[in-house]
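What follows is a set of notes on a single structure, which appears directly below.
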Amino acid sequence: MSTVVEVRQLTKSYGSVMAVNQVSFSIEAGKIYGLLGRNGAGKTTIMQIITAQLFAASGEVKVFGEHPYENSRVLSQVCFVKDSQKYPNNYRVIDVLEQAAFFFPGWDREYAFALIEDFRLPLKRRMKALSRGMLSTVGIIVGLASRAPLTIFDEPYLGLDAVARGIFYDRLLEDYAEHPRTVILSTHLIDDISRLLEHIFVIDQGRLVLDEEAEALRGRAFAVVGPAARVDAYTADKELLEREPLGGLVSATVMGSGDAKDRQQAEALGLELVPVSLQQLIVHLTGGKYERKAVEVR
Amino acid sequence: MEYLIDENRPIFMQIAERIENDIIAGELPEEAQVPSTNQFASFYQINPATAAKGVNLLVDQGILYKKRGLGMYVAPGARAKLLEKRRAQFFGQYVVPMLQEAEKLGITMEQVTEMLQRRVEVP
């Protein structure tokens with residue numbers, strides 16, 4: 001498996017804030033990655049460094065085996081769809097597509113127009129007159145039709161409704177199957193896309209706290225609910241992520257697969273075993289109690 | 001189709017279970033071709049590598065086999081093998097939880113037996 005991105009000991013600070021702190025990872029060709037973390041965790045900074053829009057303070061970055069800075073061999077193979085992309089004032093949707101055709105060697109014009117139809121985007125509308133969701137859609141179309149060997153989507157579905165998100169996932173999987181390439185999806189909304197991902201990175205306060213296959217994470221933790229004394233007896237020999245009183249009961253989240261053995265042991269104590277979602281697990285691992293509540297009311 | 005997948009359990013295992021269920025139900029008879037990983041991926045909106053992992057799990061167990069250049073097929077004897085496996089799991093997976101729930105609710109063993117034999121509710 002060839003390596004597309006290699007990052008070693010990457011560090012970047014803004015003033016006294018360490019946006020990216022000693023981050024190392026590698027990205028292999030032909031997989032869909034998730035770069036997950038809370039707002040301000042450092043995700044966008046990392047992507048900007050990979051795509052040569054920012055310099056790292058220290059550390060090493062290689063994209064397609066080379067340094068990306070002012071390197072057209074590398075940059076012509078990379079498509080970075082930013083959620084905050086700015087366009088010239090008079091640009092219409094069609095102008096953006098024409099620029100993209102000029103920019104990306106693998107651009108598929110026909111496919112771009114098919115996507116415009118799918119998403120029902122008005123071609124002649126000015127970019128500045130588009131809604132948030134439509135703006136996201138333009139980014140998605142550019143990202144997909146660029147067919148860039150490395151395509152990065154930063155918060156791709158801000159403002160998108162459920163139908164448009166569904167179209168995005170369908171088209172992404174379809175086109176990825178036909179034209180395998182490396183895709184990075186960066187987001188703080190994990191559950192919505194977790195099933196699309198093969199590998200997951202979690203960034204928290206500038207540090208890489210998780211670098212794992214998505215499937216290995218599913219069923220990595222579970223929760224038990226029951227009377228405090230029995231829950232505590234059960235969790236005594238396990239790695240405890242969180243313990244929360246719940247009326248007269250206690251809910252404890254522990255690392256473990258929740259397999260038949262875990263289940264029998266819990267049932268013998270009269271405890272109920274509850275699955276923990278990927279989003280919840282990541283929230284536990286990044287220690288964000290506050291965000292968990294925000295997510296639940298979403 | 002996302003409601004079909006439980007995101008809290010490994011998805012590849014659920015794909016394997018779906019294929020197993022289809023084989024047991026006779027919808028995928030022996031020597032029938034199994035959908036491709038890309039078909040599974042687009043149907044369930046999941047990563048193709050995840051779908052492939054589920055299919056390969058069944059290849060490792062001799063339930064499916066690969067015809068080079070053609071795809072995956074149901075192996076001869078697959079259904080019998082799966083029935084044996086599922087029967088072995090039946091007690092732990094269905095009977096034990098039922099008895100635990102009955103005990104919790106104060107339903108006696110006699111009542112449970114009667115329900116099972118006559119397939120009617122016992123007050």
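All residue names refer to the structure tokens as shown: chains lettered A, B, ... in order, residues numbered from 1 in each chain, ligands numbered from 1 in order.
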Note to self: Would you mind listing, as a PyMOL selection string, all residues of chain A that have at least one atom within 9 Å of chain B, where only C-alpha atoms are what counts?
What the structure shows: chain A and resi 31-32+166+169-171+173-174+177+191+193-198+214-220+275-278
Notebook entry, point to check: If you count only C-alpha atoms, which residues fall within 9 Å of range 258-269 of chain A, apart from same-chain ones fewer than 5 positions away, as a list in words?
Noted result: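 Residues meeting the cut-off are Gly219, Arg220, Ala221, Phe222, Ala223, Val224, Gly226, Arg230, Val231, Ala233, Tyr234, Val274 and Pro275 of chain A.
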Notebook entry, point to check: Which residue gives the smallest distance to Ala100 in chain A among A:Ala19, A:Val63, A:Leu150, A:Val138, with only C-alpha atoms counted?
Noted result: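 The closest residue to Ala100 in chain A is A:Val138.
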Check: What lies within 6 Å of Arg125 in chain A using only C-alpha atoms, ignoring chain neighbours under 2 positions off, as a ChimeraX atom specification?
Finding: /A:92,122-123
I need the chosen residues saved as a CSV table (one decimal), in the first residue's frame, with C-alpha atoms.
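Now in selection.csv:
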```csv
chain,number,residue,atom,x,y,z
A,92,ARG,CA,-21.4,32.4,-10.6
A,122,PRO,CA,-28.8,27.0,-10.2
A,123,LEU,CA,-25.8,27.2,-12.6
```
Margin query: Need to verify the contact set: Asp118 in chain A, 10 Å, only C-alpha atoms, exclusion of same-chain residues closer than 4 positions in sequence. Can you return it as a list in words?
Written below: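 Counting only the stated atoms, we get Ala112, Phe113, Ala114, Ala164, Ile167, Phe168 and Arg171 of chain A.
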Next item on the list: Could you give me the residues within chain B that DSSP places in helix (DSSP H, G or I), as a PyMOL selection string?
Entry: chain B and resi 2-4+11-24+37-44+48-60+78-105+109-118
Next item on the list: Enumerate as a PyMOL selection string all residues of chain B assigned to strand (DSSP E or B) by DSSP on the backbone, naming them with the chain letters and numbers the document uses.
Entry: chain B and resi 33+64-67+71-74
Note to self: If I take CA of Val93 in chain A and CA of Gln53 in chain A, how far is one from the other in Å, to one decimal?
What the structure shows: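 Straight-line distance from CA of Val93 in chain A to CA of Gln53 in chain A works out to 23.8 Å.
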Next item on the list: List the neighbours of range 78-85 of chain B out to 7 Å using only C-alpha atoms; skip same-chain residues closer than 3 positions along the sequence, and give me the result as a PyMOL selection string.
Entry: chain B and resi 23-24+30+63+74-75+88-89
